[in-house]
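Trainee: My file is model-v1.txt. It has compact mmCIF, C-alpha atoms:
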```txt
# COMPACT_ATOMS: atom_id res chain seq x y z
CA MET Z 1 0.00 0.00 0.00
CA SER Z 2 1.11 3.52 -0.65
CA GLY Z 3 2.26 5.85 2.11
CA PHE Z 4 -1.01 7.74 2.29
CA LEU Z 5 -3.19 4.64 2.52
CA SER Z 6 -0.99 3.05 5.16
CA SER Z 7 -1.58 5.97 7.52
CA LEU Z 8 -5.23 6.67 6.62
CA PRO Z 9 -6.69 4.90 9.69
CA TYR Z 10 -4.48 6.99 11.97
CA LEU Z 11 -5.61 10.15 10.19
CA VAL Z 12 -9.28 9.18 10.49
CA SER Z 13 -8.79 8.40 14.17
CA ALA Z 14 -7.27 11.85 14.75
CA TRP Z 15 -10.07 13.48 12.73
CA ILE Z 16 -12.78 11.83 14.83
CA PHE Z 17 -10.93 12.75 18.04
CA PHE Z 18 -10.72 16.42 17.10
CA ALA Z 19 -14.29 16.48 15.75
CA GLY Z 20 -15.53 15.14 19.09
CA LEU Z 21 -13.38 17.59 21.03
CA PHE Z 22 -14.66 20.46 18.88
CA GLY Z 23 -18.20 19.36 19.65
CA ILE Z 24 -17.44 19.39 23.37
CA VAL Z 25 -15.90 22.86 23.20
CA ARG Z 26 -18.75 24.41 21.21
CA SER Z 27 -21.59 22.46 22.83
CA ARG Z 28 -24.66 24.36 24.06
CA ASN Z 29 -26.38 21.32 25.59
CA LEU Z 30 -25.09 18.78 28.11
CA LEU Z 31 -26.79 15.87 26.28
CA HIS Z 32 -25.01 16.89 23.08
CA MET Z 33 -21.76 17.15 25.01
CA ALA Z 34 -22.09 13.62 26.41
CA VAL Z 35 -22.64 12.22 22.90
CA CYS Z 36 -19.54 14.09 21.73
CA VAL Z 37 -17.55 12.46 24.54
CA VAL Z 38 -18.66 9.07 23.22
CA ILE Z 39 -17.57 9.98 19.67
CA MET Z 40 -14.22 11.21 20.92
CA GLN Z 41 -13.67 8.03 22.90
CA SER Z 42 -14.48 5.84 19.92
CA SER Z 43 -11.50 7.29 18.04
CA THR Z 44 -9.25 5.26 20.33
CA TYR Z 45 -10.95 2.04 19.22
CA ILE Z 46 -10.19 2.82 15.59
CA LEU Z 47 -6.58 3.67 16.45
CA LEU Z 48 -5.95 0.55 18.55
CA LEU Z 49 -7.60 -1.93 16.19
CA SER Z 50 -5.88 -0.37 13.18
CA ILE Z 51 -2.49 -0.74 14.83
CA GLY Z 52 -3.16 -4.42 15.55
CA PHE Z 53 -4.35 -5.27 12.04
CA ARG Z 54 -2.22 -7.44 9.72
CA SER Z 55 -3.21 -7.72 6.09
CA GLY Z 56 -3.98 -11.27 5.03
CA ALA Z 57 -4.33 -12.48 8.61
CA THR Z 58 -7.35 -14.18 10.14
CA ALA Z 59 -9.20 -13.47 13.39
CA PRO Z 60 -7.43 -14.69 16.56
CA ILE Z 61 -9.82 -17.62 17.00
CA PHE Z 62 -8.28 -21.00 16.35
CA TYR Z 63 -11.47 -23.05 16.28
CA GLY Z 64 -11.22 -25.57 13.46
CA ILE Z 65 -8.21 -24.03 11.75
CA SER Z 66 -4.50 -24.75 11.98
CA PRO Z 67 -2.87 -23.28 15.12
CA THR Z 68 -0.06 -21.86 12.99
CA THR Z 69 -2.32 -19.62 10.89
CA LEU Z 70 -1.32 -15.96 10.81
CA ALA Z 71 -3.74 -14.01 13.02
CA VAL Z 72 -4.23 -10.36 13.93
CA ASP Z 73 -3.13 -9.08 17.34
CA PRO Z 74 -5.43 -10.25 20.16
CA VAL Z 75 -4.15 -7.89 22.86
CA VAL Z 76 -5.54 -4.67 21.34
CA GLN Z 77 -8.85 -6.42 20.76
CA ALA Z 78 -8.98 -7.40 24.42
CA LEU Z 79 -8.33 -3.78 25.41
CA VAL Z 80 -11.04 -2.41 23.10
CA LEU Z 81 -13.55 -5.10 24.05
CA THR Z 82 -13.72 -4.22 27.73
CA ASP Z 83 -13.71 -0.51 27.03
CA VAL Z 84 -16.63 -0.68 24.59
CA VAL Z 85 -18.85 -2.16 27.30
CA VAL Z 86 -17.69 0.04 30.17
CA GLU Z 87 -18.15 3.13 27.99
CA THR Z 88 -21.94 2.67 28.08
CA VAL Z 89 -22.06 2.75 31.85
CA VAL Z 90 -19.77 5.77 32.02
CA LEU Z 91 -22.08 7.58 29.57
CA ALA Z 92 -25.00 6.74 31.86
CA LEU Z 93 -23.09 8.32 34.76
CA LEU Z 94 -22.39 11.48 32.71
CA LEU Z 95 -26.06 11.76 31.76
CA ALA Z 96 -27.13 11.23 35.38
CA ILE Z 97 -24.91 14.16 36.35
CA ALA Z 98 -26.47 16.21 33.53
CA VAL Z 99 -29.97 15.40 34.83
CA GLN Z 100 -28.87 16.39 38.31
CA ILE Z 101 -27.43 19.71 37.06
CA HIS Z 102 -30.71 20.34 35.28
CA ASP Z 103 -32.58 19.70 38.53
CA CYS Z 104 -30.45 22.15 40.48
CA THR Z 105 -30.18 24.99 37.97
CA GLY Z 106 -32.97 24.41 35.47
CA GLU Z 107 -30.44 24.74 32.68
CA LEU Z 108 -28.71 22.40 30.24
CA ASP Z 109 -26.49 25.02 28.59
CA PRO Z 110 -22.98 24.95 30.10
CA ASN Z 111 -22.47 28.67 29.45
CA ARG Z 112 -25.56 29.75 31.34
CA ILE Z 113 -24.80 27.34 34.19
CA ALA Z 114 -21.46 29.12 34.59
CA LYS Z 115 -23.27 32.46 34.78
CA ILE Z 116 -25.63 31.25 37.48
CA LYS Z 117 -22.69 30.17 39.59
CA GLY Z 118 -21.22 33.66 39.11
CA MET W 1 -7.34 -6.16 -2.28
CA LEU W 2 -11.11 -6.04 -1.95
CA VAL W 3 -10.74 -5.95 1.82
CA THR W 4 -8.40 -2.96 1.56
CA ILE W 5 -10.88 -1.05 -0.59
CA LEU W 6 -13.73 -1.88 1.81
CA ILE W 7 -11.65 -0.75 4.78
CA VAL W 8 -10.84 2.57 3.11
CA VAL W 9 -14.50 3.15 2.19
CA MET W 10 -15.67 2.23 5.69
CA LEU W 11 -13.08 4.53 7.28
CA LEU W 12 -14.25 7.49 5.20
CA VAL W 13 -17.93 6.74 5.88
CA THR W 14 -17.23 6.48 9.62
CA ALA W 15 -15.39 9.82 9.62
CA VAL W 16 -18.25 11.54 7.76
CA VAL W 17 -20.94 10.08 10.03
CA ALA W 18 -18.97 11.07 13.16
CA THR W 19 -18.69 14.63 11.87
CA LEU W 20 -22.41 14.76 11.11
CA VAL W 21 -23.32 13.46 14.57
CA VAL W 22 -21.17 16.12 16.20
CA ALA W 23 -22.64 18.83 13.97
CA THR W 24 -26.26 17.84 14.71
CA THR W 25 -27.81 19.86 17.52
CA GLU W 26 -31.35 18.47 17.42
CA PRO W 27 -31.23 15.82 20.22
CA PHE W 28 -33.46 13.20 18.64
CA GLN W 29 -31.71 13.32 15.26
CA GLN W 30 -28.39 13.12 17.06
CA ILE W 31 -29.42 9.94 18.87
CA MET W 32 -30.42 8.31 15.58
CA GLY W 33 -27.07 9.42 14.13
CA LEU W 34 -25.27 7.92 17.11
CA SER W 35 -26.97 4.60 16.42
CA LEU W 36 -25.90 4.76 12.77
CA TYR W 37 -22.36 5.64 13.84
CA GLY W 38 -22.29 2.59 16.12
CA PHE W 39 -23.32 0.42 13.20
CA CYS W 40 -20.59 1.91 10.97
CA LEU W 41 -18.03 1.13 13.66
CA THR W 42 -19.40 -2.42 13.87
CA LEU W 43 -18.85 -2.96 10.13
CA PHE W 44 -15.36 -1.46 10.38
CA PHE W 45 -14.39 -3.77 13.26
CA PHE W 46 -15.77 -6.68 11.27
CA LEU W 47 -13.43 -5.82 8.40
CA LEU W 48 -10.51 -5.60 10.84
CA ARG W 49 -11.10 -9.24 11.91
CA ALA W 50 -12.23 -8.49 15.44
CA PRO W 51 -15.33 -10.68 15.95
CA ASP W 52 -15.34 -10.28 19.73
CA VAL W 53 -15.38 -6.51 19.50
CA VAL W 54 -18.08 -6.72 16.81
CA LEU W 55 -20.41 -8.61 19.14
CA ALA W 56 -19.88 -6.10 21.93
CA GLN W 57 -20.16 -3.05 19.66
CA LEU W 58 -23.31 -4.39 18.00
CA GLY W 59 -25.14 -4.49 21.31
CA VAL W 60 -23.61 -1.35 22.78
CA GLY W 61 -23.32 1.01 19.81
CA THR W 62 -26.61 0.36 18.09
CA VAL W 63 -28.88 -0.35 21.07
CA ALA W 64 -27.52 0.41 24.55
CA LEU W 65 -25.95 3.86 23.99
CA PRO W 66 -28.93 5.39 22.11
CA LEU W 67 -31.34 3.82 24.60
CA ILE W 68 -29.53 5.37 27.56
CA VAL W 69 -29.50 8.81 25.91
CA LEU W 70 -33.20 8.45 25.05
CA LEU W 71 -34.05 7.49 28.63
CA ALA W 72 -32.10 10.48 29.94
CA MET W 73 -33.93 12.74 27.49
CA SER W 74 -37.33 11.47 28.60
CA LYS W 75 -36.31 11.87 32.23
CA LEU W 76 -35.40 15.49 31.58
CA ARG W 77 -38.76 16.05 29.88
CA ARG W 78 -40.63 14.48 32.78
CA ARG W 79 -38.86 16.60 35.35
CA GLY W 80 -40.07 19.71 33.61
CA GLY W 81 -37.63 21.01 31.05
CA PRO W 82 -36.97 24.61 30.02
CA GLU W 83 -39.72 26.46 28.17
CA LYS W 84 -38.52 25.73 24.66
CA GLU W 85 -38.66 22.00 25.31
CA GLU W 86 -42.17 22.31 26.69
CA LYS W 87 -43.47 23.76 23.44
CA GLY W 88 -42.53 20.68 21.47
CA ALA W 89 -44.39 18.22 23.69
CA GLN W 90 -48.13 17.97 23.58
CA PRO W 91 -49.99 19.34 26.64
CA MET C 1 -17.07 31.07 23.95
CA ARG C 2 -14.45 32.75 21.80
CA ILE C 3 -11.77 32.13 24.41
CA ARG C 4 -12.65 28.44 24.52
CA THR C 5 -12.49 28.10 20.75
CA ALA C 6 -9.15 29.89 20.69
CA ALA C 7 -7.83 27.58 23.39
CA TYR C 8 -9.13 24.61 21.41
CA ILE C 9 -7.26 25.70 18.28
CA PHE C 10 -4.06 26.51 20.17
CA PHE C 11 -3.82 23.30 22.20
CA GLY C 12 -5.37 21.27 19.39
CA LEU C 13 -2.54 22.25 17.06
CA PHE C 14 -0.07 21.27 19.77
CA VAL C 15 -1.68 17.85 20.28
CA ALA C 16 -2.07 17.28 16.54
CA GLY C 17 1.62 17.95 16.03
CA ALA C 18 2.60 15.53 18.78
CA TYR C 19 0.21 12.92 17.36
CA ALA C 20 1.59 13.30 13.83
CA TRP C 21 5.10 12.86 15.21
CA ALA C 22 3.99 9.71 17.08
CA VAL C 23 2.31 8.25 13.98
CA LEU C 24 5.64 8.42 12.15
CA PHE C 25 6.92 5.71 14.48
CA LEU C 26 3.86 3.47 14.18
CA PRO C 27 4.03 0.48 11.85
CA ALA C 28 2.29 1.01 8.50
CA PHE C 29 -1.33 -0.19 8.47
CA GLY C 30 -1.39 -3.97 8.13
CA ASN C 31 2.27 -4.57 8.99
CA TYR C 32 2.12 -5.06 12.72
CA HIS C 33 4.65 -7.40 14.31
CA ALA C 34 4.35 -7.48 18.07
CA ALA C 35 6.03 -10.15 20.14
CA TYR C 36 3.37 -10.22 22.86
CA GLY C 37 0.31 -10.73 20.68
CA GLU C 38 2.12 -13.19 18.45
CA MET C 39 3.19 -15.21 21.47
CA LEU C 40 -0.37 -15.33 22.82
CA ASN C 41 -1.62 -16.49 19.41
CA ARG C 42 0.85 -19.38 19.45
CA ILE C 43 0.67 -20.62 23.06
CA THR C 44 -2.99 -20.16 24.06
CA LEU C 45 -4.15 -23.37 22.45
CA TYR C 46 -1.53 -25.48 24.23
CA GLU C 47 -1.24 -23.67 27.52
CA ARG C 48 -4.91 -22.97 28.24
CA HIS C 49 -6.84 -25.35 25.91
CA ALA C 50 -8.90 -22.38 24.68
CA THR C 51 -9.49 -21.49 21.03
CA ASN C 52 -10.55 -17.85 21.49
CA VAL C 53 -7.34 -15.94 22.18
CA VAL C 54 -9.14 -12.65 22.90
CA THR C 55 -11.27 -14.06 25.72
CA THR C 56 -8.23 -15.82 27.13
CA ALA C 57 -6.29 -12.57 27.10
CA VAL C 58 -9.17 -10.76 28.78
CA PHE C 59 -9.86 -13.22 31.58
CA ASP C 60 -6.61 -15.07 32.04
CA TYR C 61 -3.42 -13.43 30.84
CA ARG C 62 -4.69 -9.94 31.61
CA GLY C 63 -7.28 -10.83 34.25
CA PHE C 64 -6.15 -8.09 36.60
CA ASP C 65 -6.92 -5.40 33.98
CA THR C 66 -10.37 -6.86 33.53
CA LEU C 67 -10.98 -6.72 37.26
CA ASN C 68 -10.22 -3.00 37.12
CA GLU C 69 -12.64 -2.51 34.22
CA GLU C 70 -15.24 -4.42 36.18
CA PHE C 71 -14.74 -2.11 39.16
CA MET C 72 -15.14 0.89 36.85
CA LEU C 73 -18.46 -0.52 35.66
CA PHE C 74 -19.55 -1.21 39.23
CA ILE C 75 -18.60 2.25 40.49
CA ALA C 76 -20.36 3.95 37.57
CA VAL C 77 -23.56 1.98 38.25
CA VAL C 78 -23.39 2.84 41.94
CA GLY C 79 -22.82 6.48 41.02
CA VAL C 80 -25.95 6.58 38.86
CA LEU C 81 -28.03 4.94 41.58
CA VAL C 82 -26.79 7.39 44.22
CA LEU C 83 -27.38 10.42 41.98
CA PHE C 84 -30.95 9.45 41.22
CA ARG C 85 -31.76 8.61 44.80
CA ALA C 86 -30.96 12.15 45.92
CA GLY C 87 -33.04 13.86 43.23
CA PRO C 88 -36.62 15.09 43.60
CA ALA C 89 -39.42 12.96 42.22
CA ASP C 90 -40.55 13.43 38.65
CA GLN C 91 -43.07 16.18 38.27
CA ARG C 92 -45.20 14.52 35.64
CA LYS C 93 -46.56 11.04 35.71
CA HIS C 94 -45.05 8.90 33.03
CA SER C 95 -47.45 6.82 31.00
CA GLY C 96 -44.78 4.39 29.77
CA PRO C 97 -44.38 3.66 26.10
CA GLU C 98 -47.47 3.42 23.96
CA GLN C 99 -49.44 0.25 24.50
CA GLN C 100 -48.60 -1.91 21.50
CA SER C 101 -50.98 -4.26 19.77
CA ASP C 102 -51.19 -7.89 20.94
CA ALA C 103 -49.44 -9.13 17.81
CA VAL C 104 -46.43 -6.90 18.43
CA ARG C 105 -46.27 -7.90 22.09
CA THR C 106 -46.43 -11.62 21.38
CA PHE C 107 -43.75 -11.27 18.71
CA VAL C 108 -41.48 -9.24 20.99
CA LEU C 109 -41.89 -11.66 23.89
CA GLY C 110 -40.90 -14.50 21.58
CA LEU C 111 -37.86 -12.47 20.59
CA VAL C 112 -36.99 -11.89 24.24
CA SER C 113 -36.77 -15.59 25.00
CA LEU C 114 -34.70 -16.22 21.87
CA LEU C 115 -32.37 -13.34 22.70
CA ALA C 116 -31.94 -14.49 26.30
CA LEU C 117 -31.13 -18.00 25.13
CA PHE C 118 -28.66 -16.73 22.55
CA SER C 119 -26.93 -14.49 25.06
CA LEU C 120 -26.49 -17.45 27.43
CA TYR C 121 -24.92 -19.35 24.54
CA ILE C 122 -22.59 -16.42 23.83
CA ILE C 123 -21.55 -16.24 27.49
CA LEU C 124 -20.95 -19.97 27.91
CA THR C 125 -18.96 -20.57 24.72
CA GLY C 126 -16.74 -17.55 25.17
CA GLN C 127 -13.56 -19.59 25.31
CA LEU C 128 -14.31 -21.42 22.04
CA THR C 129 -15.92 -19.01 19.57
CA PRO C 130 -16.33 -15.20 19.50
CA GLY C 131 -18.19 -14.11 22.58
CA GLY C 132 -17.81 -14.08 26.32
CA GLY C 133 -19.11 -12.40 29.41
CA PHE C 134 -19.01 -8.83 28.16
CA GLN C 135 -20.79 -9.45 24.86
CA GLY C 136 -23.33 -11.88 26.27
CA GLY C 137 -24.03 -9.54 29.17
CA VAL C 138 -24.84 -6.67 26.81
CA MET C 139 -27.17 -8.94 24.82
CA LEU C 140 -28.94 -10.11 27.96
CA ALA C 141 -29.49 -6.48 28.97
CA THR C 142 -30.93 -5.83 25.50
CA ALA C 143 -33.41 -8.64 26.08
CA PHE C 144 -34.64 -6.89 29.23
CA ALA C 145 -34.86 -3.63 27.32
CA LEU C 146 -37.10 -5.36 24.78
CA ILE C 147 -39.59 -6.18 27.51
CA TYR C 148 -39.88 -2.48 28.29
CA LEU C 149 -40.09 -1.54 24.62
CA SER C 150 -42.88 -4.03 24.00
CA GLY C 151 -45.06 -1.56 25.82
CA SER C 152 -45.40 -2.84 29.34
CA LEU C 153 -43.43 -0.95 31.92
CA GLU C 154 -45.21 -2.93 34.63
CA ALA C 155 -43.92 -6.20 33.19
CA PHE C 156 -40.39 -4.80 33.08
CA LEU C 157 -40.56 -3.72 36.70
CA ARG C 158 -42.10 -7.06 37.72
CA VAL C 159 -39.38 -9.10 36.00
CA THR C 160 -36.65 -6.96 37.54
CA PRO C 161 -37.16 -6.41 41.27
CA LYS C 162 -34.57 -3.91 42.45
CA LYS C 163 -33.37 -5.98 45.39
CA GLY C 164 -32.82 -8.99 43.16
CA LEU C 165 -30.88 -6.91 40.66
CA GLU C 166 -28.64 -5.51 43.35
CA VAL C 167 -27.93 -8.95 44.80
CA ALA C 168 -27.14 -10.36 41.35
CA GLU C 169 -24.82 -7.44 40.56
CA ALA C 170 -23.01 -8.01 43.85
CA ILE C 171 -22.67 -11.73 43.06
CA GLY C 172 -21.27 -10.95 39.62
CA VAL C 173 -18.59 -8.50 40.74
CA GLY C 174 -17.93 -10.21 44.06
CA GLY C 175 -17.52 -13.59 42.38
CA LEU C 176 -14.63 -12.30 40.28
CA VAL C 177 -12.87 -10.83 43.31
CA LEU C 178 -13.50 -13.93 45.41
CA TYR C 179 -12.05 -16.15 42.69
CA GLY C 180 -8.91 -14.02 42.60
CA ILE C 181 -8.56 -14.07 46.39
CA ALA C 182 -9.27 -17.81 46.63
CA VAL C 183 -6.47 -18.43 44.14
CA VAL C 184 -4.10 -16.30 46.22
CA ALA C 185 -5.15 -18.22 49.35
CA MET C 186 -4.20 -21.44 47.59
CA GLY C 187 -0.71 -20.07 47.09
CA TYR C 188 -0.84 -19.09 43.40
CA PRO C 189 -0.56 -15.65 41.78
CA PHE C 190 -3.71 -13.51 41.64
CA PHE C 191 -6.12 -14.76 38.93
CA GLN C 192 -3.98 -17.78 38.06
CA ASN C 193 -5.94 -20.39 36.08
CA VAL C 194 -5.98 -23.24 38.61
CA ILE C 195 -9.12 -25.15 37.53
CA PRO C 196 -8.38 -28.31 35.48
CA LEU C 197 -8.15 -27.37 31.80
CA GLY C 198 -10.27 -30.14 30.25
CA THR C 199 -10.42 -31.05 26.57
CA THR C 200 -10.02 -28.35 23.94
CA GLY C 201 -13.35 -27.58 22.28
CA HIS C 202 -15.58 -28.78 25.13
CA LEU C 203 -18.05 -26.51 26.87
CA LEU C 204 -16.30 -26.71 30.24
CA SER C 205 -12.74 -26.44 28.97
CA ALA C 206 -10.02 -23.85 29.55
CA GLY C 207 -10.17 -23.95 33.35
CA SER C 208 -11.43 -20.78 34.97
CA LEU C 209 -12.65 -19.09 31.77
CA PRO C 210 -16.29 -20.35 31.80
CA LEU C 211 -16.66 -19.44 35.49
CA LEU C 212 -15.25 -15.93 35.06
CA ASN C 213 -17.32 -15.46 31.89
CA VAL C 214 -20.50 -16.26 33.79
CA PHE C 215 -19.63 -13.86 36.63
CA THR C 216 -18.81 -11.09 34.15
CA GLY C 217 -21.97 -11.76 32.17
CA ILE C 218 -24.09 -11.40 35.31
CA ALA C 219 -22.26 -8.24 36.37
CA VAL C 220 -22.56 -6.52 32.97
CA ALA C 221 -26.18 -7.52 32.31
CA MET C 222 -27.44 -6.68 35.79
CA GLY C 223 -25.45 -3.43 35.81
CA MET C 224 -27.13 -2.27 32.62
CA VAL C 225 -30.60 -3.36 33.76
CA LEU C 226 -29.97 -1.48 37.03
CA LEU C 227 -29.18 1.61 34.96
CA MET C 228 -32.44 1.32 33.02
CA HIS C 229 -34.20 0.74 36.31
CA ALA C 230 -32.65 3.88 37.78
CA TYR C 231 -33.73 5.97 34.79
CA LEU C 232 -37.27 4.55 34.96
CA ARG C 233 -37.59 4.33 38.73
CA GLU C 234 -39.59 7.40 39.55
CA VAL C 235 -41.72 6.73 36.54
CA LEU C 236 -44.57 4.94 38.25
CA GLU C 237 -45.64 7.79 40.56
CA GLY C 238 -43.87 6.96 43.75
CA GLY C 239 -42.82 3.56 42.41
CA GLU C 240 -41.51 1.32 45.14
CA GLY C 241 -40.73 4.22 47.41
CA ASP C 242 -37.27 5.13 48.58
CA GLU C 243 -36.35 2.37 50.95
```
Please rewrite the model in this file as structure tokens.

Mentor:
Amino acid sequence: MSGFLSSLPYLVSAWIFFAGLFGIVRSRNLLHMAVCVVIMQSSTYILLLSIGFRSGATAPIFYGISPTTLAVDPVVQALVLTDVVVETVVLALLLAIAVQIHDCTGELDPNRIAKIKG
Amino acid sequence: MLVTILIVVMLLVTAVVATLVVATTEPFQQIMGLSLYGFCLTLFFFLLRAPDVVLAQLGVGTVALPLIVLLAMSKLRRRGGPEKEEKGAQP
Amino acid sequence: MRIRTAAYIFFGLFVAGAYAWAVLFLPAFGNYHAAYGEMLNRITLYERHATNVVTTAVFDYRGFDTLNEEFMLFIAVVGVLVLFRAGPADQRKHSGPEQQSDAVRTFVLGLVSLLALFSLYIILTGQLTPGGGFQGGVMLATAFALIYLSGSLEAFLRVTPKKGLEVAEAIGVGGLVLYGIAVVAMGYPFFQNVIPLGTTGHLLSAGSLPLLNVFTGIAVAMGMVLLMHAYLREVLEGGEGDE
């Protein structure tokens, strides 16, 4: 593969990271901000899995195939796997905090919350 | 070679969908976009030969994440949102 | 607002530069050669009698990491429960989702049983084929969500009593910790695979993997159902009260 294609996944990962961060910075709504956090976090999945990929290799599951088959890296997959699931629960915690902020201040806009606090 | 082309296409689609989800400010549309984004990621992980991550992402990205955001949204509505939210809901 | 955007551009450029510099040292896409992953791919089948290297890495070779992730999940669930306990009750009574027609409800309930069965299969065969506690747990939680979406909030609340959920969640997370401690008490390293390995390809092979998969499946599924429960709790005007 050419030089550009071989670094495309890393570029896309960076693009998604900065898009999510931009969304967080410019967000006017805490729900929107939480979704942007999820998007930003997912860039790490793309980065990790892209690093571990080997062209022409099979999945790291040796059920019914020769144990010497070339397989992609299992360690990055293990890292991503646990994080994908835990991410949901962390999002729920973020949203619970947003609901709580809304209860206390009646606002969901981070800028106006800052004004209320003085 | 086909796999390489599919990976490149899927990467570009994922980047575009992520940008659109961030740019959307209407909450309900954003949740639907988030679900679509989760599905794009699922296809991408499938192409990268990560079946375990695909199974997790399929449940989390397309169902669990949007459902949690939806539940939070309805909870905000029920607790009496700001005026502009009230207008949208029926009396 | 303008200050924040300016700060974003300034620090963003800094981070982007550092990232670009780091990418220069990464292997080109598709040319990864790491000793650790390669070693796991080669030895898992012989050392642990498991065919799914990812699950083995999650629950055996890197079991301690997984315990930390599990604690993160547990703490986040507890955080949500605590936050919603302190809040005031909902101002408006929630009517639940629209009552669906009988055909839809019958169909969805059939789907629920299928989904629950399939998620158990995914949890139990985690060491052989793609799957395991995390994936199966998420699917099991989706099955519970389907009950709610089929239009009967009462049925969802009846199937998932809060006390039972809390006990199950405690069993799931506590089981993992207890296994680790029991192994230490027997004189092995934390999370060592001490259960007999069995025959490769059998349901109860690979030693501790099926046990830990089941504990993780319970913890993940019950954690997510507890979350849904917390978001829906004050829905039924007063609900079960605050005790």

Trainee: I need the residue nearest Gly136 of chain C from this list: W:Val9, W:Val63, W:Met1, W:Leu55. Use all atoms listed in the file for the distance.

Mentor: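 Smallest separation from Gly136 of chain C among the options: W:Leu55.
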
Trainee: Measuring between only C-alpha atoms, which one of Z:Val25, Z:Ala59, Z:Ile65, Z:Leu93 shows the shortest distance to chain W?

Mentor: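 Looking at the shortest contact to chain W, the residue is Z:Ala59.
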
Trainee: Name the residues in contact with Tyr148 of chain C at a cut-off of 12 Å, using only C-alpha atoms, excluding same-chain residues fewer than 4 positions from it; report them as a PyMOL selection string.

Mentor: (chain W and resi 67+71) or (chain C and resi 96-100+105+108-109+112+141-144+152-160+225+228-229+232)

Trainee: Could you turn the residues from that selection into a file that holds C-alpha atoms, as a PDB file, keeping the file's coordinate frame?

Mentor:
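See part12.pdb below for the written result:
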```
ATOM      1  CA  LEU W  67     -31.340   3.820  24.600  1.00  0.00           C
ATOM      2  CA  LEU W  71     -34.050   7.490  28.630  1.00  0.00           C
TER       3      LEU W  71
ATOM      4  CA  GLY C  96     -44.780   4.390  29.770  1.00  0.00           C
ATOM      5  CA  PRO C  97     -44.380   3.660  26.100  1.00  0.00           C
ATOM      6  CA  GLU C  98     -47.470   3.420  23.960  1.00  0.00           C
ATOM      7  CA  GLN C  99     -49.440   0.250  24.500  1.00  0.00           C
ATOM      8  CA  GLN C 100     -48.600  -1.910  21.500  1.00  0.00           C
ATOM      9  CA  ARG C 105     -46.270  -7.900  22.090  1.00  0.00           C
ATOM     10  CA  VAL C 108     -41.480  -9.240  20.990  1.00  0.00           C
ATOM     11  CA  LEU C 109     -41.890 -11.660  23.890  1.00  0.00           C
ATOM     12  CA  VAL C 112     -36.990 -11.890  24.240  1.00  0.00           C
ATOM     13  CA  ALA C 141     -29.490  -6.480  28.970  1.00  0.00           C
ATOM     14  CA  THR C 142     -30.930  -5.830  25.500  1.00  0.00           C
ATOM     15  CA  ALA C 143     -33.410  -8.640  26.080  1.00  0.00           C
ATOM     16  CA  PHE C 144     -34.640  -6.890  29.230  1.00  0.00           C
ATOM     17  CA  SER C 152     -45.400  -2.840  29.340  1.00  0.00           C
ATOM     18  CA  LEU C 153     -43.430  -0.950  31.920  1.00  0.00           C
ATOM     19  CA  GLU C 154     -45.210  -2.930  34.630  1.00  0.00           C
ATOM     20  CA  ALA C 155     -43.920  -6.200  33.190  1.00  0.00           C
ATOM     21  CA  PHE C 156     -40.390  -4.800  33.080  1.00  0.00           C
ATOM     22  CA  LEU C 157     -40.560  -3.720  36.700  1.00  0.00           C
ATOM     23  CA  ARG C 158     -42.100  -7.060  37.720  1.00  0.00           C
ATOM     24  CA  VAL C 159     -39.380  -9.100  36.000  1.00  0.00           C
ATOM     25  CA  THR C 160     -36.650  -6.960  37.540  1.00  0.00           C
ATOM     26  CA  VAL C 225     -30.600  -3.360  33.760  1.00  0.00           C
ATOM     27  CA  MET C 228     -32.440   1.320  33.020  1.00  0.00           C
ATOM     28  CA  HIS C 229     -34.200   0.740  36.310  1.00  0.00           C
ATOM     29  CA  LEU C 232     -37.270   4.550  34.960  1.00  0.00           C
TER      30      LEU C 232
END
```

Trainee: Taking all atoms listed in the file into account, find every residue of chain Z that has an atom no more than 7 Å from chain C, and write it out as an mmCIF file with C-alpha atoms, in the coordinates of the input.

Mentor:
```
data_model
loop_
_atom_site.group_PDB
_atom_site.id
_atom_site.type_symbol
_atom_site.label_atom_id
_atom_site.label_comp_id
_atom_site.auth_asym_id
_atom_site.auth_seq_id
_atom_site.Cartn_x
_atom_site.Cartn_y
_atom_site.Cartn_z
ATOM 1 C CA SER Z 6 -0.990 3.050 5.160
ATOM 2 C CA SER Z 7 -1.580 5.970 7.520
ATOM 3 C CA VAL Z 25 -15.900 22.860 23.200
ATOM 4 C CA SER Z 50 -5.880 -0.370 13.180
ATOM 5 C CA ILE Z 51 -2.490 -0.740 14.830
ATOM 6 C CA GLY Z 52 -3.160 -4.420 15.550
ATOM 7 C CA PHE Z 53 -4.350 -5.270 12.040
ATOM 8 C CA ARG Z 54 -2.220 -7.440 9.720
ATOM 9 C CA SER Z 55 -3.210 -7.720 6.090
ATOM 10 C CA PRO Z 60 -7.430 -14.690 16.560
ATOM 11 C CA ILE Z 61 -9.820 -17.620 17.000
ATOM 12 C CA PHE Z 62 -8.280 -21.000 16.350
ATOM 13 C CA TYR Z 63 -11.470 -23.050 16.280
ATOM 14 C CA PRO Z 67 -2.870 -23.280 15.120
ATOM 15 C CA THR Z 68 -0.060 -21.860 12.990
ATOM 16 C CA ASP Z 73 -3.130 -9.080 17.340
ATOM 17 C CA PRO Z 74 -5.430 -10.250 20.160
ATOM 18 C CA VAL Z 75 -4.150 -7.890 22.860
ATOM 19 C CA GLN Z 77 -8.850 -6.420 20.760
ATOM 20 C CA ALA Z 78 -8.980 -7.400 24.420
ATOM 21 C CA THR Z 82 -13.720 -4.220 27.730
ATOM 22 C CA VAL Z 85 -18.850 -2.160 27.300
ATOM 23 C CA VAL Z 86 -17.690 0.040 30.170
ATOM 24 C CA VAL Z 89 -22.060 2.750 31.850
ATOM 25 C CA VAL Z 90 -19.770 5.770 32.020
ATOM 26 C CA LEU Z 93 -23.090 8.320 34.760
ATOM 27 C CA ALA Z 96 -27.130 11.230 35.380
ATOM 28 C CA GLN Z 100 -28.870 16.390 38.310
#
```
